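J.: Provided herewith: final.cif, mmCIF, C-alpha atoms.
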```cif
data_my_file
#
loop_
_atom_site.label_atom_id
_atom_site.label_comp_id
_atom_site.auth_asym_id
_atom_site.auth_seq_id
_atom_site.Cartn_x
_atom_site.Cartn_y
_atom_site.Cartn_z
CA MET C 1 -97.34 7.84 -127.29
CA LYS C 2 -97.37 4.76 -125.14
CA LYS C 3 -101.08 4.26 -125.88
CA ILE C 4 -100.40 4.42 -129.61
CA LEU C 5 -97.53 1.93 -129.35
CA LEU C 6 -99.60 -0.44 -127.22
CA LEU C 7 -102.54 -0.18 -129.62
CA GLY C 8 -100.29 -0.92 -132.59
CA LEU C 9 -98.75 -3.88 -130.80
CA ALA C 10 -102.19 -5.22 -129.96
CA VAL C 11 -103.25 -4.99 -133.61
CA VAL C 12 -100.10 -6.81 -134.74
CA LEU C 13 -100.58 -9.54 -132.14
CA ALA C 14 -104.25 -9.96 -133.02
CA GLY C 15 -103.38 -10.24 -136.71
CA SER C 16 -100.67 -12.76 -135.97
CA MET C 17 -103.04 -14.87 -133.88
CA LEU C 18 -105.72 -14.71 -136.57
CA PHE C 19 -103.21 -15.79 -139.23
CA ALA C 20 -101.89 -18.55 -137.01
CA ASN C 21 -105.39 -19.77 -136.18
CA GLY C 22 -106.40 -19.71 -139.84
CA THR C 23 -103.33 -21.71 -140.82
CA SER C 24 -103.90 -24.26 -138.06
CA GLU C 25 -107.56 -24.63 -138.94
CA ASP C 26 -106.77 -25.21 -142.63
CA GLN C 27 -104.28 -27.91 -141.66
CA THR C 28 -106.63 -29.71 -139.29
CA THR C 29 -109.53 -29.71 -141.73
CA VAL C 30 -107.57 -31.51 -144.46
CA PRO C 31 -108.86 -35.10 -143.98
CA THR C 32 -106.44 -38.01 -143.89
CA PHE C 33 -106.45 -41.73 -143.13
CA ASN C 34 -103.14 -41.37 -141.32
CA GLY C 35 -103.41 -42.38 -137.67
CA LYS C 36 -107.02 -43.59 -137.97
CA ASN C 37 -108.61 -46.82 -136.82
CA ILE C 38 -110.56 -48.04 -139.84
CA ARG C 39 -113.32 -50.64 -139.78
CA VAL C 40 -113.33 -52.73 -142.97
CA VAL C 41 -116.71 -54.40 -143.39
CA ILE C 42 -117.08 -57.32 -145.80
CA GLY C 43 -120.20 -58.95 -147.19
CA SER C 44 -119.48 -62.35 -145.70
CA THR C 45 -119.60 -63.88 -142.23
CA SER C 46 -117.00 -66.51 -143.11
CA THR C 47 -113.33 -66.12 -142.25
CA SER C 48 -112.26 -68.90 -144.61
CA GLY C 49 -113.67 -67.64 -147.92
CA ASP C 50 -112.20 -65.28 -150.49
CA SER C 51 -113.98 -62.18 -149.16
CA TYR C 52 -112.20 -62.37 -145.81
CA LEU C 53 -108.87 -63.67 -147.12
CA ILE C 54 -108.54 -60.93 -149.73
CA ALA C 55 -109.73 -58.17 -147.40
CA GLU C 56 -107.41 -59.28 -144.60
CA THR C 57 -104.40 -59.58 -146.91
CA VAL C 58 -104.98 -56.25 -148.64
CA SER C 59 -105.74 -54.50 -145.33
CA ARG C 60 -102.37 -55.46 -143.89
CA TYR C 61 -100.54 -53.76 -146.73
CA LEU C 62 -103.00 -50.91 -147.16
CA GLY C 63 -102.77 -50.05 -143.48
CA LYS C 64 -99.03 -49.55 -143.77
CA ALA C 65 -99.40 -47.45 -146.91
CA LEU C 66 -102.01 -45.22 -145.25
CA GLY C 67 -100.38 -45.12 -141.82
CA ALA C 68 -103.65 -46.43 -140.40
CA ASN C 69 -104.93 -49.43 -138.48
CA LEU C 70 -107.38 -51.48 -140.59
CA LYS C 71 -109.51 -54.17 -138.96
CA VAL C 72 -111.66 -56.52 -141.03
CA ASP C 73 -115.20 -57.09 -139.73
CA ALA C 74 -117.02 -60.05 -141.33
CA VAL C 75 -120.58 -58.79 -140.88
CA GLY C 76 -122.32 -60.29 -143.93
CA ALA C 77 -123.79 -58.67 -147.03
CA ALA C 78 -126.87 -57.06 -145.48
CA LYS C 79 -124.95 -55.35 -142.69
CA ALA C 80 -122.05 -54.36 -144.94
CA LEU C 81 -124.35 -52.72 -147.47
CA ASP C 82 -126.25 -51.00 -144.67
CA ALA C 83 -122.98 -49.67 -143.25
CA MET C 84 -122.37 -47.83 -146.52
CA GLN C 85 -125.70 -46.05 -146.04
CA THR C 86 -125.38 -45.24 -142.33
CA SER C 87 -121.67 -44.61 -141.72
CA LYS C 88 -120.15 -41.14 -141.81
CA PRO C 89 -118.13 -40.41 -144.99
CA ASP C 90 -115.01 -39.73 -142.92
CA GLY C 91 -112.97 -42.86 -143.68
CA SER C 92 -113.64 -44.59 -140.37
CA THR C 93 -115.73 -47.30 -142.09
CA ILE C 94 -115.07 -48.70 -145.55
CA MET C 95 -116.20 -51.82 -147.38
CA MET C 96 -114.15 -54.32 -149.36
CA PHE C 97 -116.35 -56.65 -151.36
CA HIS C 98 -116.85 -58.34 -154.69
CA ASP C 99 -119.57 -58.34 -157.36
CA MET C 100 -122.35 -59.28 -154.96
CA THR C 101 -122.25 -55.58 -154.01
CA TYR C 102 -124.34 -54.85 -157.11
CA LEU C 103 -125.64 -58.32 -158.01
CA GLY C 104 -127.76 -58.51 -154.87
CA ILE C 105 -129.65 -55.46 -156.08
CA SER C 106 -129.77 -56.62 -159.72
CA PHE C 107 -131.30 -59.95 -158.64
CA GLY C 108 -133.73 -58.22 -156.30
CA ALA C 109 -132.29 -59.76 -153.15
CA TYR C 110 -131.61 -56.32 -151.65
CA ASP C 111 -133.43 -53.00 -151.82
CA LYS C 112 -132.45 -50.48 -154.50
CA MET C 113 -131.41 -48.06 -151.76
CA TYR C 114 -128.20 -50.12 -151.59
CA SER C 115 -127.36 -49.62 -155.27
CA LEU C 116 -123.98 -48.40 -156.49
CA GLU C 117 -125.47 -44.98 -157.10
CA ASN C 118 -125.95 -44.57 -153.34
CA MET C 119 -122.33 -45.15 -152.40
CA THR C 120 -118.89 -44.09 -153.57
CA VAL C 121 -116.91 -46.54 -155.70
CA GLY C 122 -113.26 -46.74 -154.70
CA PRO C 123 -110.25 -48.39 -156.35
CA ARG C 124 -110.09 -52.05 -157.35
CA ILE C 125 -107.90 -54.04 -154.95
CA ALA C 126 -107.85 -57.63 -156.21
CA GLN C 127 -109.45 -60.26 -158.42
CA ASN C 128 -110.46 -63.86 -157.84
CA PRO C 129 -110.83 -66.05 -160.93
CA GLY C 130 -111.55 -69.12 -158.79
CA SER C 131 -115.30 -69.10 -158.15
CA CYS C 132 -116.24 -72.73 -158.71
CA TRP C 133 -118.56 -75.67 -158.31
CA ALA C 134 -117.58 -78.87 -156.53
CA ALA C 135 -119.17 -82.25 -155.85
CA GLY C 136 -118.51 -85.18 -153.57
CA ILE C 137 -115.61 -87.33 -154.71
CA ASN C 138 -117.94 -90.23 -155.58
CA ALA C 139 -120.45 -88.24 -157.63
CA PRO C 140 -121.30 -90.02 -160.92
CA TYR C 141 -120.02 -87.10 -163.02
CA ASN C 142 -116.68 -85.29 -163.14
CA SER C 143 -117.64 -81.93 -164.61
CA LEU C 144 -120.62 -79.67 -165.08
CA ALA C 145 -120.65 -80.56 -168.76
CA GLU C 146 -121.19 -84.25 -167.89
CA ILE C 147 -124.30 -83.65 -165.78
CA PRO C 148 -126.82 -83.33 -168.67
CA ALA C 149 -125.59 -86.62 -170.16
CA TYR C 150 -125.96 -88.26 -166.74
CA LEU C 151 -129.54 -86.97 -166.50
CA GLN C 152 -130.33 -88.29 -169.98
CA LYS C 153 -129.18 -91.76 -168.94
CA ASN C 154 -131.00 -91.59 -165.61
CA PRO C 155 -134.49 -90.21 -166.32
CA GLU C 156 -135.57 -90.30 -162.66
CA ALA C 157 -132.52 -88.46 -161.34
CA ILE C 158 -132.22 -84.82 -160.35
CA VAL C 159 -129.11 -82.80 -159.52
CA ARG C 160 -129.31 -80.36 -156.62
CA MET C 161 -126.96 -77.39 -156.81
CA ALA C 162 -126.34 -75.31 -153.68
CA CYS C 163 -125.82 -71.62 -154.24
CA GLU C 164 -126.52 -68.29 -152.61
CA ALA C 165 -129.32 -66.06 -153.85
CA GLY C 166 -128.38 -62.69 -155.29
CA GLY C 167 -124.66 -63.20 -155.75
CA VAL C 168 -121.93 -64.54 -158.00
CA SER C 169 -123.12 -68.09 -157.47
CA GLN C 170 -126.51 -67.15 -158.92
CA VAL C 171 -124.75 -65.75 -162.00
CA GLY C 172 -122.81 -69.00 -162.33
CA PHE C 173 -125.97 -71.04 -161.94
CA ALA C 174 -128.00 -68.89 -164.33
CA VAL C 175 -125.40 -69.18 -167.09
CA TYR C 176 -125.12 -72.94 -166.60
CA TRP C 177 -128.87 -73.59 -166.39
CA LYS C 178 -129.55 -71.54 -169.51
CA TRP C 179 -126.78 -73.38 -171.39
CA VAL C 180 -128.27 -76.74 -170.41
CA LYS C 181 -131.75 -75.60 -171.47
CA ASP C 182 -130.50 -74.26 -174.82
CA THR C 183 -128.32 -77.31 -175.51
CA TYR C 184 -130.29 -80.23 -174.03
CA GLY C 185 -133.82 -78.89 -173.72
CA GLU C 186 -136.07 -77.86 -170.87
CA ASP C 187 -136.85 -81.45 -169.79
CA ILE C 188 -133.21 -81.90 -168.78
CA ALA C 189 -132.80 -78.36 -167.40
CA LYS C 190 -135.80 -78.65 -165.10
CA ARG C 191 -134.12 -81.59 -163.33
CA ILE C 192 -131.28 -79.31 -162.28
CA VAL C 193 -132.64 -77.63 -159.17
CA VAL C 194 -131.44 -75.17 -156.55
CA VAL C 195 -130.77 -75.58 -152.87
CA ILE C 196 -130.27 -72.22 -151.18
CA GLY C 197 -127.11 -72.14 -149.08
CA GLY C 198 -125.32 -69.40 -147.20
CA SER C 199 -121.67 -69.51 -146.20
CA THR C 200 -119.14 -71.99 -147.53
CA GLY C 201 -119.43 -73.88 -144.26
CA ASP C 202 -123.20 -74.12 -144.64
CA LYS C 203 -122.91 -75.47 -148.18
CA LEU C 204 -120.22 -77.95 -147.21
CA GLN C 205 -122.53 -79.32 -144.54
CA LEU C 206 -125.31 -79.60 -147.12
CA ILE C 207 -123.14 -81.71 -149.38
CA TRP C 208 -121.73 -83.86 -146.56
CA ASP C 209 -125.23 -84.51 -145.20
CA GLY C 210 -126.45 -85.56 -148.64
CA ASN C 211 -128.80 -82.59 -148.97
CA CYS C 212 -127.24 -81.33 -152.21
CA ASP C 213 -125.08 -82.82 -154.96
CA VAL C 214 -123.02 -79.85 -156.17
CA MET C 215 -122.03 -76.71 -154.27
CA PHE C 216 -120.65 -73.29 -155.15
CA ALA C 217 -117.66 -71.80 -153.32
CA ASP C 218 -114.16 -70.46 -153.79
CA TYR C 219 -111.38 -72.65 -155.20
CA THR C 220 -109.01 -71.92 -152.33
CA SER C 221 -111.58 -72.55 -149.60
CA LEU C 222 -112.26 -76.04 -151.01
CA LEU C 223 -108.70 -77.01 -151.88
CA GLN C 224 -108.02 -79.01 -148.71
CA TYR C 225 -111.11 -81.14 -149.35
CA THR C 226 -109.93 -82.03 -152.86
CA GLN C 227 -106.63 -83.25 -151.40
CA THR C 228 -107.87 -85.41 -148.52
CA ASP C 229 -108.13 -89.21 -148.49
CA ASP C 230 -111.17 -89.09 -146.22
CA GLN C 231 -113.97 -90.22 -148.53
CA LYS C 232 -116.63 -88.78 -146.22
CA ILE C 233 -115.56 -85.19 -146.89
CA ALA C 234 -113.51 -85.43 -150.10
CA LEU C 235 -114.58 -83.23 -153.00
CA LYS C 236 -113.72 -82.76 -156.66
CA TYR C 237 -113.91 -79.59 -158.73
CA MET C 238 -116.71 -79.55 -161.29
CA GLY C 239 -116.07 -76.25 -163.06
CA LEU C 240 -114.52 -72.82 -162.50
CA LEU C 241 -116.04 -69.59 -163.75
CA ASP C 242 -112.59 -68.62 -165.06
CA ASN C 243 -109.19 -70.24 -165.36
CA ILE C 244 -106.53 -69.92 -162.66
CA ASP C 245 -102.93 -69.73 -163.80
CA GLY C 246 -101.11 -72.97 -163.00
CA VAL C 247 -104.28 -74.83 -161.96
CA SER C 248 -105.58 -77.79 -163.96
CA ALA C 249 -109.23 -77.58 -162.84
CA THR C 250 -111.34 -76.78 -165.91
CA SER C 251 -113.46 -73.69 -166.50
CA TYR C 252 -116.78 -73.04 -168.19
CA ALA C 253 -114.80 -72.00 -171.27
CA ASP C 254 -112.82 -75.26 -171.24
CA GLN C 255 -116.02 -77.30 -170.96
CA GLY C 256 -117.83 -75.40 -173.70
CA ILE C 257 -120.40 -73.86 -171.35
CA THR C 258 -121.35 -70.61 -173.06
CA MET C 259 -123.64 -67.62 -172.56
CA ASN C 260 -125.78 -66.89 -175.61
CA GLY C 261 -123.35 -68.93 -177.69
CA LYS C 262 -120.31 -66.94 -176.60
CA GLU C 263 -117.44 -67.92 -174.31
CA PHE C 264 -118.21 -67.11 -170.70
CA ARG C 265 -115.61 -66.08 -168.13
CA PHE C 266 -116.20 -64.37 -164.82
CA SER C 267 -113.63 -63.30 -162.26
CA LYS C 268 -114.76 -61.62 -159.06
CA ASP C 269 -113.61 -58.02 -158.87
CA PHE C 270 -112.90 -56.82 -155.34
CA LEU C 271 -113.25 -53.07 -154.89
CA ILE C 272 -113.26 -50.67 -152.00
CA TYR C 273 -116.67 -49.09 -151.49
CA LEU C 274 -117.32 -46.01 -149.39
CA PRO C 275 -120.30 -44.00 -148.10
CA LYS C 276 -121.88 -41.49 -150.44
CA ASP C 277 -120.42 -37.95 -150.55
CA PHE C 278 -117.03 -39.28 -149.55
CA SER C 279 -114.20 -36.77 -149.19
CA PRO C 280 -112.31 -36.28 -152.50
CA ALA C 281 -109.10 -35.76 -150.51
CA LEU C 282 -109.51 -39.11 -148.74
CA LEU C 283 -110.39 -40.80 -152.04
CA ALA C 284 -107.23 -39.44 -153.66
CA GLU C 285 -105.18 -40.66 -150.70
CA LEU C 286 -106.79 -44.09 -151.01
CA ASP C 287 -106.13 -44.21 -154.76
CA ALA C 288 -102.44 -43.48 -154.22
CA ALA C 289 -102.09 -46.09 -151.47
CA VAL C 290 -103.81 -48.85 -153.49
CA LYS C 291 -101.66 -48.02 -156.51
CA LYS C 292 -98.58 -48.42 -154.34
CA ILE C 293 -99.50 -51.78 -152.81
CA ASN C 294 -100.61 -53.23 -156.16
CA THR C 295 -96.96 -53.25 -157.20
CA ASP C 296 -95.66 -54.63 -153.89
CA PRO C 297 -94.06 -58.04 -154.65
CA ALA C 298 -94.86 -59.26 -151.13
CA MET C 299 -98.59 -58.62 -151.47
CA ILE C 300 -98.65 -60.06 -154.98
CA ALA C 301 -96.99 -63.22 -153.64
CA ASP C 302 -99.38 -63.46 -150.68
CA LEU C 303 -102.40 -63.23 -152.98
CA ALA C 304 -100.90 -65.70 -155.46
CA LYS C 305 -100.51 -68.31 -152.70
CA MET C 306 -104.30 -68.34 -152.51
CA SER C 307 -104.79 -68.23 -156.30
CA TYR C 308 -105.83 -64.56 -156.19
CA ARG C 309 -104.24 -61.67 -158.02
CA PRO C 310 -103.85 -57.95 -157.40
CA GLY C 311 -106.43 -55.71 -158.98
CA LYS C 312 -104.58 -54.61 -162.13
CA TYR C 313 -104.79 -51.15 -160.64
CA LEU C 314 -107.86 -49.12 -161.41
CA ASN C 315 -108.31 -45.84 -159.58
CA ALA C 316 -111.70 -44.89 -158.18
CA ALA C 317 -112.92 -43.13 -161.32
CA ASP C 318 -111.92 -45.99 -163.63
CA SER C 319 -113.27 -48.57 -161.18
CA LYS C 320 -116.65 -46.84 -161.22
CA THR C 321 -116.81 -46.89 -165.02
CA TYR C 322 -115.70 -50.54 -165.08
CA ILE C 323 -118.05 -51.90 -162.42
CA TYR C 324 -121.08 -49.99 -163.75
CA GLY C 325 -120.37 -51.50 -167.17
CA LYS C 326 -119.98 -55.00 -165.75
CA ARG C 327 -123.26 -54.64 -163.86
CA ASP C 328 -125.15 -53.42 -166.91
CA GLY C 329 -123.66 -56.14 -169.10
CA LEU C 330 -125.08 -58.89 -166.85
CA GLN C 331 -128.57 -57.41 -166.71
CA SER C 332 -129.83 -59.18 -169.82
CA LEU C 333 -128.79 -62.54 -168.35
CA ILE C 334 -130.61 -61.72 -165.12
CA ASP C 335 -133.70 -60.60 -167.01
CA ASN C 336 -133.85 -63.76 -169.15
CA THR C 337 -133.33 -66.56 -166.63
CA PRO C 338 -135.88 -67.93 -164.17
CA SER C 339 -135.96 -66.70 -160.60
CA LEU C 340 -134.32 -69.06 -158.10
CA ASP C 341 -137.73 -69.26 -156.44
CA ASP C 342 -138.94 -71.14 -159.51
CA LEU C 343 -136.02 -73.57 -159.43
CA VAL C 344 -135.71 -74.29 -155.72
CA LEU C 345 -136.22 -77.92 -154.76
#
```
Transcribe the structure of this file into structure tokens.
T.:
Amino acid sequence: MKKILLLGLAVVLAGSMLFANGTSEDQTTVPTFNGKNIRVVIGSTSTSGDSYLIAETVSRYLGKALGANLKVDAVGAAKALDAMQTSKPDGSTIMMFHDMTYLGISFGAYDKMYSLENMTVGPRIAQNPGSCWAAGINAPYNSLAEIPAYLQKNPEAIVRMACEAGGVSQVGFAVYWKWVKDTYGEDIAKRIVVVIGGSTGDKLQLIWDGNCDVMFADYTSLLQYTQTDDQKIALKYMGLLDNIDGVSATSYADQGITMNGKEFRFSKDFLIYLPKDFSPALLAELDAAVKKINTDPAMIADLAKMSYRPGKYLNAADSKTYIYGKRDGLQSLIDNTPSLDDLVL
């Protein structure tokens, strides 16, 4: 009798342990960002440009919403894109970056292995309408639209524009160069040439050293130089890719710079990107957290101080549809403008 009772008890205990173990295992295998240290790579090495400022601002709020510790790592585009191919899809490494994520591949600056199809598109986190061109304060023109007229009056002159290959600045240059060619002819357009520059700091040095005439950067990162009385470093805005609320600096649209005869506006869209085969549970958690912080008045105010805006919330699925469409819509421009190699001074 005792043997039967002991055997029954053993079966009950074994079943209880199996049930308990199964429950515990199910709980531990549900992935979460909560409690994690998360590396946020960005496609810039600068800590003064929009890539870092937006990623750092959003990370502070997103970390609280996820219950995680987010640390921004300014590694540059090549390393950031590579991280999306080599990192585990466990949420320990994510990328926050703008349109250069796909433009670098569209322009041929980076291998197709880094295309959007080989990573997971996450939610949109912010937008920057303030990509812009600037010139030294004493430049003989006050806007991009004035440059062709200046070149007509000065037949020996050229204008050197510093931009980065394979990114938003190349889009801005391509649209502008094609508009000049279509409006003023190739003789004028061919005297607008490219100087390849990297970070904002690199391009600032180019302009201060007299090695370029106009440079591409972010409105906020150049603001202090448009407000200084030091004539050696003072700049003026020449044209924004889109208008910024409350800012008087003019845009391509204001100046009549068009693409194929139509108004052109371009704001940088900052999204979270993740390694391929990313956990759906983690992606859903990320969607919910980004949705929450996009309505946080404190984060909205912090972004607005730098002329940025929250991402008009798009979840991961909608972000993917949106950014694929934006990429495909720019392809005809890329296909029908000269390579920077043909326009470099």
J.: I'd like to know which of C:Tyr61, C:Tyr114, C:Tyr102, C:Tyr237 is closest to C:Lys320, using all atoms listed in the file.
T.: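 Between C:Tyr61, C:Tyr114, C:Tyr102, C:Tyr237, the residue approaching C:Lys320 most closely is C:Tyr102.
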J.: Looking at all atoms listed in the file, which of C:Asp229, C:Asp328, C:Asp50, C:Glu56 is the one that sits closest to C:Met299?
T.: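 The shortest atom-to-atom distance to C:Met299 comes from C:Glu56.
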J.: For the structure provided, state which residues fall under the PyMOL selection byres ((chain C and resi 166) around 6), and present them as number ranges by chain.
T.: C: 103-104, 107, 109, 165, 167
J.: Would you compute the distance between atom CA of C:Thr295 and atom CA of C:Thr101? Give it in Å to one decimal.
T.: 25.6 Å
J.: Could you list, as a list in words, every residue within 12 Å of C:Gln331, counting only C-alpha atoms and ignoring same-chain residues fewer than 2 positions away?
T.: Tyr102, Leu103, Gly104, Ile105, Ser106, Phe107, Gly108, Val171, Ala174, Tyr324, Gly325, Lys326, Arg327, Asp328, Gly329, Leu333, Ile334, Asp335, Asn336 and Thr337 of chain C
J.: Counting all atoms listed in the file, give me one row per residue of stretch 129-153 of chain C with an atom at most 10 Å from an atom of stretch 222-227 of chain C, showing the shortest contact pair and its distance in Å to one decimal, sorted by chain then residue number, as a Markdown table.
T.:
```
| residue | atom | partner | partner_atom | distance |
| --- | --- | --- | --- | --- |
| C:Cys132 | CA | C:Leu222 | CA | 9.3 |
| C:Trp133 | CA | C:Leu222 | CA | 9.6 |
| C:Ala134 | CA | C:Leu222 | CA | 8.2 |
| C:Ala135 | CA | C:Thr226 | CA | 9.7 |
| C:Gly136 | CA | C:Thr226 | CA | 9.2 |
| C:Ile137 | CA | C:Thr226 | CA | 8.0 |
```
J.: If the PyMOL selection byres ((chain C and resi 279-294) around 9) is run on the structure shown, which residues does it catch, given as an NGL selection string?
T.: :C and (30-33 or 58 or 61-66 or 89-91 or 122-126 or 277-278 or 295-300 or 310-316)
J.: For the provided coordinates, the residues matched by the PyMOL selection byres ((chain C and resi 69-80) around 8) should be stated as an MDAnalysis selection string.
T.: chainID C and resid 35:47 52 55:56 59:60 62:64 67:68 81:84 95 101 110
J.: Pick out the closest residue to C:Pro338 from this set: C:Asp269, C:Glu186, C:Asp111, C:Asp318. Count only C-alpha atoms.
T.: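 Looking at the shortest contact to C:Pro338, the residue is C:Glu186.
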J.: Taking all atoms of stretch 144-150 of chain C that the file lists, what box with edges along x, y and z, padded by 5 Å per side, do you get, with centre and edge lengths in Å to one decimal, as AutoDock Vina command-line options?
T.:
```
--center_x -123.7 --center_y -84.0 --center_z -167.6 --size_x 16.2 --size_y 18.6 --size_z 15.1
```
J.: Excluding C:Asn118 and any residue of its chain fewer than 2 positions from it, enumerate the residues within 8 Å of it, using all atoms listed in the file, and give them as a list in words.
T.: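 Here the answer would be Gln85, Met113, Tyr114, Ser115, Leu116, Thr120, Pro275 and Lys276 of chain C.
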J.: One decimal, Å: what's the distance from atom CA of C:Trp177 over to atom CA of C:Asn211, could you say?
T.: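 About the pair atom CA of C:Trp177 and atom CA of C:Asn211: they are 19.6 Å apart.
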J.: Taking (-137.6, -77.1, -159.4) in the file's own coordinates, collect the residues within 8 Å, counting all atoms listed in the file, and hand them back as a PyMOL selection string.
T.: chain C and resi 190-194+342-345
J.: So, with only C-alpha atoms as the atoms that count, which of C:Gly198, C:Ala301, C:Val214, C:Lys178 lies closest to C:Ile158?
T.: C:Val214
J.: I'd like the neighbourhood of C:Tyr150 as a ChimeraX atom specification, where a residue qualifies if any of its atoms comes within 12 Å (using all atoms listed in the file), though same-chain residues fewer than 5 positions away should be ignored.
T.: /C:139-145,155-159,184,188,191-192
J.: Selected residues, C-alpha atoms, written as an mmCIF file, keeping the file's coordinate frame, please.
T.:
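Output (again25.cif):
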```cif
data_model
loop_
_atom_site.group_PDB
_atom_site.id
_atom_site.type_symbol
_atom_site.label_atom_id
_atom_site.label_comp_id
_atom_site.auth_asym_id
_atom_site.auth_seq_id
_atom_site.Cartn_x
_atom_site.Cartn_y
_atom_site.Cartn_z
ATOM 1 C CA ALA C 139 -120.450 -88.240 -157.630
ATOM 2 C CA PRO C 140 -121.300 -90.020 -160.920
ATOM 3 C CA TYR C 141 -120.020 -87.100 -163.020
ATOM 4 C CA ASN C 142 -116.680 -85.290 -163.140
ATOM 5 C CA SER C 143 -117.640 -81.930 -164.610
ATOM 6 C CA LEU C 144 -120.620 -79.670 -165.080
ATOM 7 C CA ALA C 145 -120.650 -80.560 -168.760
ATOM 8 C CA PRO C 155 -134.490 -90.210 -166.320
ATOM 9 C CA GLU C 156 -135.570 -90.300 -162.660
ATOM 10 C CA ALA C 157 -132.520 -88.460 -161.340
ATOM 11 C CA ILE C 158 -132.220 -84.820 -160.350
ATOM 12 C CA VAL C 159 -129.110 -82.800 -159.520
ATOM 13 C CA TYR C 184 -130.290 -80.230 -174.030
ATOM 14 C CA ILE C 188 -133.210 -81.900 -168.780
ATOM 15 C CA ARG C 191 -134.120 -81.590 -163.330
ATOM 16 C CA ILE C 192 -131.280 -79.310 -162.280
#
```
J.: Can you pull out the residues contacting C:Phe264? Cut-off 9 Å, using only C-alpha atoms, and skip same-chain residues under 4 positions away; I want them as a VMD selection string.
T.: chain C and resid 175 241 to 242 252 to 253 256 to 259
J.: Please, what distance in Å, to one decimal, runs between atom CA of C:Ser169 and atom CA of C:Ile196?
T.: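 It comes out at 10.4 Å.
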J.: Of the candidates C:Ser307, C:Thr93, C:Val180, C:Ser267, which shows the shortest atom-to-atom distance to C:Glu146, using only C-alpha atoms?
T.: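 Ranked by minimum distance to C:Glu146, first place goes to C:Val180.
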J.: Please list as number ranges by chain every residue within 8 Å of stretch 200-210 of chain C, counting only C-alpha atoms and excluding residues in the same chain fewer than 2 positions away.
T.: C: 46, 49, 135-136, 162-163, 197-198, 212-217, 221, 232-233
J.: For stretch 114-125 of chain C, write N, CA, C and O atoms out as a short mmCIF file (atom, residue, chain, number, x, y, z; two decimals), in the first residue's frame.
T.:
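Done, and the output landed in part-v1.cif:
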```cif
data_model
loop_
_atom_site.label_atom_id
_atom_site.label_comp_id
_atom_site.auth_asym_id
_atom_site.auth_seq_id
_atom_site.Cartn_x
_atom_site.Cartn_y
_atom_site.Cartn_z
N TYR C 114 23.37 45.55 -48.24
CA TYR C 114 22.88 46.41 -47.17
C TYR C 114 21.51 47.01 -47.46
O TYR C 114 21.07 47.94 -46.79
N SER C 115 20.83 46.50 -48.46
CA SER C 115 19.54 47.08 -48.87
C SER C 115 18.47 46.85 -47.80
O SER C 115 18.63 46.02 -46.89
N LEU C 116 17.38 47.58 -47.92
CA LEU C 116 16.28 47.48 -46.96
C LEU C 116 15.75 46.06 -46.86
O LEU C 116 15.29 45.64 -45.79
N GLU C 117 15.81 45.35 -47.97
CA GLU C 117 15.29 43.98 -47.98
C GLU C 117 16.06 43.05 -47.05
O GLU C 117 15.56 42.00 -46.67
N ASN C 118 17.28 43.44 -46.68
CA ASN C 118 18.12 42.60 -45.83
C ASN C 118 18.17 43.08 -44.38
O ASN C 118 19.11 42.76 -43.64
N MET C 119 17.17 43.86 -44.01
CA MET C 119 17.02 44.25 -42.60
C MET C 119 15.53 44.36 -42.30
O MET C 119 14.69 44.22 -43.18
N THR C 120 15.22 44.62 -41.05
CA THR C 120 13.83 44.81 -40.65
C THR C 120 13.58 46.30 -40.44
O THR C 120 14.34 46.97 -39.75
N VAL C 121 12.54 46.82 -41.08
CA VAL C 121 12.17 48.23 -40.92
C VAL C 121 11.29 48.36 -39.67
O VAL C 121 10.28 47.67 -39.52
N GLY C 122 11.70 49.25 -38.78
CA GLY C 122 10.94 49.52 -37.57
C GLY C 122 10.13 50.80 -37.69
O GLY C 122 10.01 51.37 -38.78
N PRO C 123 9.58 51.29 -36.59
CA PRO C 123 8.73 52.48 -36.64
C PRO C 123 9.50 53.77 -36.93
O PRO C 123 10.71 53.84 -36.70
N ARG C 124 8.79 54.74 -37.47
CA ARG C 124 9.38 56.07 -37.70
C ARG C 124 9.42 56.81 -36.37
O ARG C 124 8.46 56.82 -35.62
N ILE C 125 10.55 57.47 -36.10
CA ILE C 125 10.72 58.14 -34.80
C ILE C 125 10.72 59.66 -34.87
O ILE C 125 10.36 60.33 -33.90
#
```
